[in-house]
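Colleague: My structure is below; once you've seen it, I'll send some questions.
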Amino acid sequence: MNTAEVDLDRLVDYEREYRSVVKRAQVTGDHMIGLCPFHDDSKNSFSVDLKTGRWHCFSEDIGGNYVDFVAKMNGISTKDAYKRIMEDYHVEMPEKEKPAASRRSYSMEQYAFEKRLPVEFLRDTCHISNDKERKDQTTYMKIPYLKEDGTEATYRKRFAGKEFRWRYGSSGKICLYGEWRLPQMRQSGYACLVEGESDTQSMWYMEISTLGVPGASMFKPNMSDQLQDLKLYIHQEPDQGGETFMRKVIQGLREGGFIGKVYKFSCSTLGGIKDPSDVFIKFGKEEGAAKIQKLLERAEEIDLAEPDVIPESIKGAPVNLRQPEGWIYSDKGISHIDEKTYGPVMVCRTPIILTQRLRSLETGEEKIEIAFKRDDEWHRAIYPRSTIFTARGITVLADLGCTVTSENAKQVVRFLSALEAENIDIITKADATSSFGWQPGKRFIPGHDKDIVLDIDPSQKGMAAAYCQTGSFDKWKDTMQPHRERDKFRFILAAAFAAPLLRIIKQRIFFVYNWGSSKGGKTAGLKAALSAWGDPERLMVNFNATQVGLERTAAFYCDLPLGIDERQLAGKNQEGLEKTIYMIASGTGKIRGAKGGGLQTMRQWRTVAMATGEEPLSTDTSQTGVSTRVLEIYGGPFETEEQASLMHQESTQNFGWAGPEFIEHVLKVSEKSICDKYDEMLRYVMSIAKGKSGSHVAGISAVALADAMIDTWFFDSQDAPEPEVDPKKEEGKDDEKQITINQESWNRAKRMAASILQEQIAAASGDVNENAVQFITDWVISNKAYFGEKAIGTCLGTMSESGNVAYIFPSTLNQALTKAGYSPRKTLKYMADNGLIATASEGSDSKQRYSVKRRFDGRSCRFVEFKIGQFSEKDDDIESEADKYEQESFTDSDGFMSVPEGMEEELPFK
């Protein structure tokens, strides 16, 4: 029985088959019910139609026909289930018919019929023959490629359906088709260049001197050497493939140094005709030859010296690219050329092109910038190559509005790969960075990027857009000039220009914190400073942000001021606030793991963090590192509330000019000369420091230097002096210009530095350990009634007879220190190192203990022996030394404090 005629409903006894596996089967007419064999069934949930064999389990809601039932019962495919049913009922399955080799077979005779060429011509003139594949005996037409000396270079196989295959090992051996006819072509003085063998053979039959190029990409520059004595006529077919062929051949001739004349012609001008083979088929040998000869007479000459003019594919595209072979991109989208019909097949409705290759300055990785047209507008995006050139990755473009799906992703990737290969000489390569600030090659973003592309996350585009310009530079200067008479405003404004100097002067990050009561103009002063670089309202952030958010913002605004408003938004979380200060001041982000393994690129930055608030940023219990990193300025930078209100308005009307202009001046002078000026300012500020923190001295010096620079370059009524050329520069090298600052600007910056320095606390006062010891002293003195055997209430310890030593119970002291916010362990270690408490070594390991044994109330107890009298003497010594230092200082000729004689070696620089 033939399976094609099998009717399962007539062949299979459904009742018998189902009864054999279904328990408690009950049949009523043509219907059966019973327990489902596919699960533990206690009710008759399994139903069968005995006429059709279809079944259904109402409990699991599954079902199907008898083939599905057999497949599910035996855990096999439906195909195998069908075979088993046929075997059970003794139905023979015929062997599957194998595809005949004749389906691919193709002969010279068939080809001759299609092209209207005589078989004898193809065999004798073109050396074509029939051959067979060894594996399946498929017949193919063999097209030999002979070299000029007549020897075979390689051959090409043609099968049915226009299927071509090169002989195995043909790579590097393919030559021009018809190369063996070059001697007679040189006698005629010209040669036509056409694409493919069939057009070449038709031209030969019409007795026209012709060479064939097997494909557009197969014309190599070295082929030009054999064509130097010929006048060349290149045929261009009327499609995108014809444009590619013409461009590739011209490019090869140009690169190969061809010096003869080159023309182009097209058979399409004859009306509805694609190529020379069509001309021959339509008009015959004689008339076809005459028409092509006329086309050659009217051929357009090509100047190989002129660069390629690439036709505009899409109007308004960011870059004009060549169409890759086999593809078309236009306003309608991306299409692939069908190899059989030669017609376009739509792949993607969105035109997507490549615009730039970007090399990351931070990691060295290469990314691709793409552009796509959506809603009549061009949009750009930057992605890693692994995203753009993989089918799985490129679907991310769907989120931007591109019509890329999992179905067409592979085709889109193939198009973009072909587009890059075809335009590798046009698609420019540029450096990319993910942050602002100094870049390699003395480049700076914003304003002096020199072709650096900002590669940022879409969420950061708003932040980047804040660095823009509006109004005018002169109006900005007119707005700022009157307020610079006040030292606080002057210092805050100059701090915004100190940020890009940190890299040059090798200075670490610091904070400038302006605090005080409301309505003092603190926010207005911050906006004025940030307006030097861009829109102050968009550049400013606040303390109501996560540490990760501030970290990414600081890394993005590298070498630029970081404006943080409203300290009170951080709430009472002093510990979290101090952690944020440490994080920003460290200049290095948190180390994080990457999703694919390894580590993410660690963020780094340099900045001057400018903050405002109504409360101090550090407290007595703050770690010393916090106070040393923060320059605190108390009070508003404006005299009246009206001035501050006016600055709020004016700072948003003229902004973004001063910062880039400042960098322009910095780039013109030697970095060494800037460092020398910084050292000079540092020496002065250090000379009047009077025990102030070295970190504060360095930060104030940096801001004072920036103030002197902007006063000379921007605000001085006289023209800024020209930079001086270093006379010590070696001959033959570029002149290195030295920075020149007006003396009046320098003196004013020094007065400002002295004024701000006075507001900073002394180094000892800001030390958390010193504060902790002072706390213990105050705590002991204020609780004297609770010391001694006759203490009233809770006993804290005892005192010596002289009162110079307090013996404190360790647990009580630890509790008091912890409650006050100090670290007991750190404080005791500091006091032991400075001899303020007695220590004892006990045990075999001689471990140092910060408590001693002493009899109290008739028993041996442990006490922290605090030498309170010695601490008071230490305070007296510090004050005496400070007075001595002040008396030894003297004033220079300009009225400023200078370094006392003999103390130069104590300065922290050479």
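Please note that chains go A, B, ... in the order of the structure tokens, that every chain numbers its residues from 1, and that ligands are numbered from 1 in the order shown.
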Would you please extract all alpha helix (DSSP H) residues from stretch 171-237 of chain A, as assigned by DSSP on the backbone, and give them as a count of residues only?

Modeller: 16

Colleague: Kindly indicate which residue among A:Lys442, A:Arg359, A:His127, A:Arg103 lies nearest to A:Tyr383, using only C-alpha atoms for the distances.

Modeller: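 Of A:Lys442, A:Arg359, A:His127, A:Arg103, the one nearest A:Tyr383 is A:Arg359, counting only C-alpha atoms.
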
Colleague: Please list as a PyMOL selection string every residue within 12 Å of A:Val21, counting only C-alpha atoms and excluding residues in the same chain fewer than 5 positions away.

Modeller: chain A and resi 14-16+34-38+46+69-70+73-74

Colleague: Skipping near chain neighbours, those fewer than 4 positions away, what residues fall within 9 Å of stretch 163-171 of chain A using only C-alpha atoms, listed as a VMD selection string?

Modeller: chain A and resid 104 153 to 159

Colleague: Closest to A:Val194 among A:Glu179, A:Glu237, A:Glu365, A:Glu420, using only C-alpha atoms?

Modeller: A:Glu237

Colleague: May I have the residues within 12 Å of stretch 412-415 of chain A as a tab-separated table (two decimals) with N, CA and C atoms, in the first residue's frame, using only C-alpha atoms and disregarding those fewer than 5 positions away in the same chain?

Modeller:
```tsv
chain	number	residue	atom	x	y	z
A	323	GLN	N	27.87	52.95	-2.00
A	323	GLN	CA	26.97	51.82	-1.80
A	323	GLN	C	27.79	50.53	-1.85
A	324	PRO	N	27.69	49.66	-0.85
A	324	PRO	CA	28.43	48.40	-0.90
A	324	PRO	C	27.85	47.46	-1.94
A	325	GLU	N	28.68	46.62	-2.49
A	325	GLU	CA	28.24	45.72	-3.55
A	325	GLU	C	27.16	44.77	-3.02
A	326	GLY	N	26.06	44.70	-3.75
A	326	GLY	CA	24.98	43.82	-3.37
A	326	GLY	C	23.97	44.44	-2.42
A	327	TRP	N	24.14	45.74	-2.08
A	327	TRP	CA	23.25	46.41	-1.13
A	327	TRP	C	22.88	47.81	-1.64
A	328	ILE	N	21.77	48.30	-1.16
A	328	ILE	CA	21.35	49.67	-1.46
A	328	ILE	C	20.79	50.27	-0.17
A	329	TYR	N	21.23	51.49	0.16
A	329	TYR	CA	20.60	52.21	1.26
A	329	TYR	C	20.09	53.55	0.72
A	333	GLY	N	15.21	52.96	3.25
A	333	GLY	CA	15.78	51.99	4.17
A	333	GLY	C	16.95	51.25	3.56
A	334	ILE	N	17.14	50.00	3.99
A	334	ILE	CA	18.24	49.16	3.54
A	334	ILE	C	17.67	48.00	2.74
A	335	SER	N	18.22	47.77	1.53
A	335	SER	CA	17.74	46.68	0.67
A	335	SER	C	18.92	45.85	0.21
A	336	HIS	N	18.65	44.56	-0.01
A	336	HIS	CA	19.65	43.63	-0.52
A	336	HIS	C	19.30	43.30	-1.97
A	337	ILE	N	20.31	43.19	-2.84
A	337	ILE	CA	20.08	42.87	-4.24
A	337	ILE	C	19.97	41.36	-4.39
A	346	MET	N	13.71	44.50	0.41
A	346	MET	CA	13.78	45.31	1.61
A	346	MET	C	14.23	44.48	2.82
A	347	VAL	N	15.21	45.02	3.56
A	347	VAL	CA	15.74	44.37	4.76
A	347	VAL	C	15.32	45.13	6.01
A	348	CYS	N	15.47	46.46	5.98
A	348	CYS	CA	15.16	47.29	7.14
A	348	CYS	C	14.61	48.62	6.65
A	349	ARG	N	13.53	49.07	7.24
A	349	ARG	CA	12.89	50.30	6.81
A	349	ARG	C	13.62	51.56	7.26
A	350	THR	N	14.56	51.43	8.16
A	350	THR	CA	15.31	52.59	8.67
A	350	THR	C	16.68	52.65	8.02
A	351	PRO	N	17.04	53.74	7.34
A	351	PRO	CA	18.41	53.85	6.81
A	351	PRO	C	19.40	54.04	7.96
A	352	ILE	N	20.37	53.15	8.03
A	352	ILE	CA	21.39	53.19	9.09
A	352	ILE	C	22.75	53.21	8.41
A	353	ILE	N	23.61	54.15	8.80
A	353	ILE	CA	24.95	54.23	8.21
A	353	ILE	C	25.98	54.39	9.33
A	354	LEU	N	27.24	54.20	8.96
A	354	LEU	CA	28.36	54.39	9.88
A	354	LEU	C	28.98	55.75	9.61
A	385	ARG	N	31.86	48.01	19.05
A	385	ARG	CA	31.77	47.23	17.81
A	385	ARG	C	31.04	45.91	18.05
A	386	SER	N	31.20	45.35	19.24
A	386	SER	CA	30.55	44.08	19.54
A	386	SER	C	29.03	44.21	19.55
A	387	THR	N	28.53	45.42	19.69
A	387	THR	CA	27.08	45.65	19.65
A	387	THR	C	26.60	45.82	18.21
A	388	ILE	N	27.32	46.61	17.44
A	388	ILE	CA	26.89	46.94	16.08
A	388	ILE	C	27.10	45.77	15.12
A	389	PHE	N	28.13	44.97	15.35
A	389	PHE	CA	28.46	43.92	14.38
A	389	PHE	C	28.11	42.51	14.87
A	390	THR	N	27.13	42.41	15.76
A	390	THR	CA	26.58	41.10	16.14
A	390	THR	C	25.06	41.18	16.07
A	391	ALA	N	24.45	40.10	15.60
A	391	ALA	CA	22.99	40.10	15.44
A	391	ALA	C	22.28	40.25	16.78
A	392	ARG	N	22.84	39.65	17.81
A	392	ARG	CA	22.20	39.76	19.12
A	392	ARG	C	22.33	41.17	19.67
A	393	GLY	N	23.46	41.82	19.44
A	393	GLY	CA	23.69	43.14	20.02
A	393	GLY	C	22.98	44.27	19.30
A	394	ILE	N	22.86	44.16	17.99
A	394	ILE	CA	22.36	45.30	17.21
A	394	ILE	C	20.87	45.55	17.43
A	395	THR	N	20.17	44.59	18.02
A	395	THR	CA	18.75	44.83	18.30
A	395	THR	C	18.54	45.94	19.32
A	397	LEU	N	19.29	48.85	18.87
A	397	LEU	CA	18.88	50.02	18.10
A	397	LEU	C	17.36	50.15	18.04
A	402	CYS	N	14.85	52.44	15.57
A	402	CYS	CA	15.20	51.76	14.33
A	402	CYS	C	14.36	50.49	14.18
A	403	THR	N	14.00	50.17	12.93
A	403	THR	CA	13.19	48.98	12.68
A	403	THR	C	14.08	47.75	12.56
A	404	VAL	N	14.86	47.49	13.61
A	404	VAL	CA	15.72	46.31	13.67
A	404	VAL	C	15.07	45.31	14.60
A	405	THR	N	14.88	44.08	14.11
A	405	THR	CA	14.26	43.03	14.90
A	405	THR	C	15.17	41.81	14.93
A	406	SER	N	14.78	40.82	15.70
A	406	SER	CA	15.57	39.59	15.75
A	406	SER	C	15.52	38.86	14.40
A	407	GLU	N	14.53	39.19	13.58
A	407	GLU	CA	14.38	38.53	12.27
A	407	GLU	C	15.35	39.11	11.23
A	420	GLU	N	31.18	49.23	5.91
A	420	GLU	CA	32.48	49.62	6.46
A	420	GLU	C	33.61	49.21	5.54
A	421	ALA	N	33.55	47.98	5.01
A	421	ALA	CA	34.62	47.50	4.11
A	421	ALA	C	34.70	48.35	2.86
A	422	GLU	N	33.55	48.77	2.35
A	422	GLU	CA	33.53	49.56	1.11
A	422	GLU	C	33.99	50.99	1.33
```

Colleague: Measuring atom to atom with only C-alpha atoms, identify which of A:Gln481, A:Ser434, A:Gln240, A:Gln293 is nearest to A:Ser330.

Modeller: A:Gln240

Colleague: For A:Phe245, list every protein, DNA or RNA residue within 12 Å, evaluated using only C-alpha atoms, and leave out those in the same chain fewer than 4 positions away; present the list as a VMD selection string.

Modeller: chain A and resid 193 to 196 212 to 219 234 to 241 249 to 252 264 322 to 326

Colleague: Ranking A:Ile792, A:Cys175, A:Leu146, A:Val319 by minimum distance to A:Thr355 and counting only C-alpha atoms, which one comes first?

Modeller: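 Counting only C-alpha atoms, the residue closest to A:Thr355 is A:Val319.
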
Colleague: Quick one: DSSP strand (DSSP E) residues in stretch 336-402 of chain A, as a PyMOL selection string?

Modeller: chain A and resi 336-337+344-348+352-360+366-374+377-384

Colleague: Those residues with N, CA and C atoms, as a CSV table (one decimal), in the first residue's frame please?

Modeller:
```csv
chain,number,residue,atom,x,y,z
A,336,HIS,N,18.6,44.6,0.0
A,336,HIS,CA,19.6,43.6,-0.5
A,336,HIS,C,19.3,43.3,-2.0
A,337,ILE,N,20.3,43.2,-2.8
A,337,ILE,CA,20.1,42.9,-4.2
A,337,ILE,C,20.0,41.4,-4.4
A,344,PRO,N,15.9,44.8,-5.8
A,344,PRO,CA,16.1,45.1,-4.4
A,344,PRO,C,15.1,44.4,-3.5
A,345,VAL,N,15.5,43.8,-2.4
A,345,VAL,CA,14.6,43.2,-1.4
A,345,VAL,C,14.8,43.9,-0.1
A,346,MET,N,13.7,44.5,0.4
A,346,MET,CA,13.8,45.3,1.6
A,346,MET,C,14.2,44.5,2.8
A,347,VAL,N,15.2,45.0,3.6
A,347,VAL,CA,15.7,44.4,4.8
A,347,VAL,C,15.3,45.1,6.0
A,348,CYS,N,15.5,46.5,6.0
A,348,CYS,CA,15.2,47.3,7.1
A,348,CYS,C,14.6,48.6,6.6
A,352,ILE,N,20.4,53.1,8.0
A,352,ILE,CA,21.4,53.2,9.1
A,352,ILE,C,22.8,53.2,8.4
A,353,ILE,N,23.6,54.1,8.8
A,353,ILE,CA,24.9,54.2,8.2
A,353,ILE,C,26.0,54.4,9.3
A,354,LEU,N,27.2,54.2,9.0
A,354,LEU,CA,28.4,54.4,9.9
A,354,LEU,C,29.0,55.8,9.6
A,355,THR,N,29.3,56.5,10.6
A,355,THR,CA,29.8,57.8,10.5
A,355,THR,C,31.3,58.0,10.9
A,356,GLN,N,31.6,57.3,12.0
A,356,GLN,CA,33.0,57.5,12.6
A,356,GLN,C,33.4,56.2,13.3
A,357,ARG,N,34.7,56.0,13.3
A,357,ARG,CA,35.3,55.0,14.2
A,357,ARG,C,36.0,55.7,15.4
A,358,LEU,N,35.7,55.4,16.6
A,358,LEU,CA,36.1,56.1,17.8
A,358,LEU,C,37.0,55.2,18.6
A,359,ARG,N,38.2,55.8,18.9
A,359,ARG,CA,39.1,55.0,19.8
A,359,ARG,C,39.1,55.7,21.2
A,360,SER,N,38.8,55.0,22.2
A,360,SER,CA,38.7,55.5,23.6
A,360,SER,C,40.1,55.9,24.1
A,366,GLU,N,37.8,50.4,20.6
A,366,GLU,CA,37.2,51.1,19.5
A,366,GLU,C,35.7,50.9,19.5
A,367,LYS,N,35.0,52.0,19.2
A,367,LYS,CA,33.6,52.0,19.1
A,367,LYS,C,33.2,52.6,17.7
A,368,ILE,N,31.9,52.4,17.4
A,368,ILE,CA,31.4,52.9,16.2
A,368,ILE,C,30.3,53.9,16.4
A,369,GLU,N,30.3,55.0,15.7
A,369,GLU,CA,29.2,56.0,15.7
A,369,GLU,C,28.3,55.7,14.5
A,370,ILE,N,27.1,55.5,14.8
A,370,ILE,CA,26.1,55.2,13.7
A,370,ILE,C,25.2,56.4,13.6
A,371,ALA,N,24.6,56.6,12.4
A,371,ALA,CA,23.6,57.6,12.2
A,371,ALA,C,22.4,56.9,11.6
A,372,PHE,N,21.2,57.3,12.0
A,372,PHE,CA,20.0,56.7,11.3
A,372,PHE,C,18.9,57.8,11.2
A,373,LYS,N,18.1,57.7,10.2
A,373,LYS,CA,17.1,58.7,9.9
A,373,LYS,C,15.7,58.2,10.3
A,374,ARG,N,15.1,58.9,11.2
A,374,ARG,CA,13.8,58.6,11.8
A,374,ARG,C,12.9,59.8,11.9
A,377,GLU,N,14.4,63.1,10.5
A,377,GLU,CA,15.6,63.7,11.2
A,377,GLU,C,16.7,62.6,11.4
A,378,TRP,N,17.9,63.1,11.3
A,378,TRP,CA,19.1,62.3,11.5
A,378,TRP,C,19.4,62.2,13.0
A,379,HIS,N,19.7,61.1,13.5
A,379,HIS,CA,20.1,60.9,14.9
A,379,HIS,C,21.4,60.1,15.0
A,380,ARG,N,22.2,60.3,16.0
A,380,ARG,CA,23.5,59.6,16.2
A,380,ARG,C,23.5,58.9,17.5
A,381,ALA,N,24.3,57.8,17.5
A,381,ALA,CA,24.5,57.1,18.7
A,381,ALA,C,25.9,56.4,18.6
A,382,ILE,N,26.5,56.1,19.7
A,382,ILE,CA,27.8,55.5,19.8
A,382,ILE,C,27.7,54.1,20.5
A,383,TYR,N,28.2,53.1,19.9
A,383,TYR,CA,28.1,51.8,20.5
A,383,TYR,C,29.5,51.0,20.3
A,384,PRO,N,29.8,50.0,21.2
A,384,PRO,CA,30.9,49.2,21.0
A,384,PRO,C,30.8,48.4,19.7
```

Colleague: I'd like the neighbourhood of stretch 853-860 of chain A as a PDB file with N, CA and C atoms, in the first residue's frame, where a residue qualifies if any of its atoms comes within 10 Å (using only C-alpha atoms), though same-chain residues fewer than 3 positions away should be ignored.

Modeller:
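After the write, around.pdb holds the following:
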```
ATOM      1  N   GLY A 788      36.867  59.992  93.011  1.00  0.00           N
ATOM      2  CA  GLY A 788      37.291  59.730  94.389  1.00  0.00           C
ATOM      3  C   GLY A 788      36.388  58.743  95.095  1.00  0.00           C
ATOM      4  N   GLU A 789      36.871  58.229  96.201  1.00  0.00           N
ATOM      5  CA  GLU A 789      36.118  57.217  96.942  1.00  0.00           C
ATOM      6  C   GLU A 789      34.835  57.791  97.531  1.00  0.00           C
ATOM      7  N   LYS A 790      34.808  59.094  97.711  1.00  0.00           N
ATOM      8  CA  LYS A 790      33.615  59.727  98.285  1.00  0.00           C
ATOM      9  C   LYS A 790      32.762  60.404  97.204  1.00  0.00           C
ATOM     10  N   GLY A 797      36.085  57.569  88.659  1.00  0.00           N
ATOM     11  CA  GLY A 797      37.489  57.243  88.895  1.00  0.00           C
ATOM     12  C   GLY A 797      37.983  57.994  90.111  1.00  0.00           C
ATOM     13  N   THR A 798      39.265  58.371  90.091  1.00  0.00           N
ATOM     14  CA  THR A 798      39.847  59.114  91.196  1.00  0.00           C
ATOM     15  C   THR A 798      40.880  60.079  90.656  1.00  0.00           C
ATOM     16  N   TYR A 807      42.596  59.403  87.254  1.00  0.00           N
ATOM     17  CA  TYR A 807      42.527  57.964  87.040  1.00  0.00           C
ATOM     18  C   TYR A 807      41.072  57.634  86.699  1.00  0.00           C
ATOM     19  N   ALA A 840      51.245  50.093  80.101  1.00  0.00           N
ATOM     20  CA  ALA A 840      51.869  48.960  80.788  1.00  0.00           C
ATOM     21  C   ALA A 840      51.942  47.791  79.846  1.00  0.00           C
ATOM     22  N   PHE A 863      42.762  51.584  85.724  1.00  0.00           N
ATOM     23  CA  PHE A 863      42.427  52.972  85.404  1.00  0.00           C
ATOM     24  C   PHE A 863      43.209  53.423  84.168  1.00  0.00           C
ATOM     25  N   VAL A 864      42.635  54.347  83.434  1.00  0.00           N
ATOM     26  CA  VAL A 864      43.387  55.099  82.426  1.00  0.00           C
ATOM     27  C   VAL A 864      44.012  56.274  83.154  1.00  0.00           C
ATOM     28  N   GLU A 865      45.337  56.286  83.246  1.00  0.00           N
ATOM     29  CA  GLU A 865      46.061  57.324  83.983  1.00  0.00           C
ATOM     30  C   GLU A 865      46.308  58.516  83.068  1.00  0.00           C
TER      31      GLU A 865
END
```

Colleague: When you draw a straight line from atom CA of A:Pro311 to atom CA of A:Ile424, how long is it in Å?

Modeller: 16.9 Å

Colleague: Could you check the closest approach to A:Leu631 for each of A:Tyr678, A:Glu120, A:Pro660, A:Ile700 and tell me which residue wins, using only C-alpha atoms?

Modeller: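 Ranked by minimum distance to A:Leu631, first place goes to A:Ile700.
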
Colleague: Using only C-alpha atoms, which residue out of A:Glu197, A:Ala496, A:Leu182, A:Met681 lies closest to A:Leu122?

Modeller: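 For A:Leu122, the nearest of the candidates is A:Glu197.
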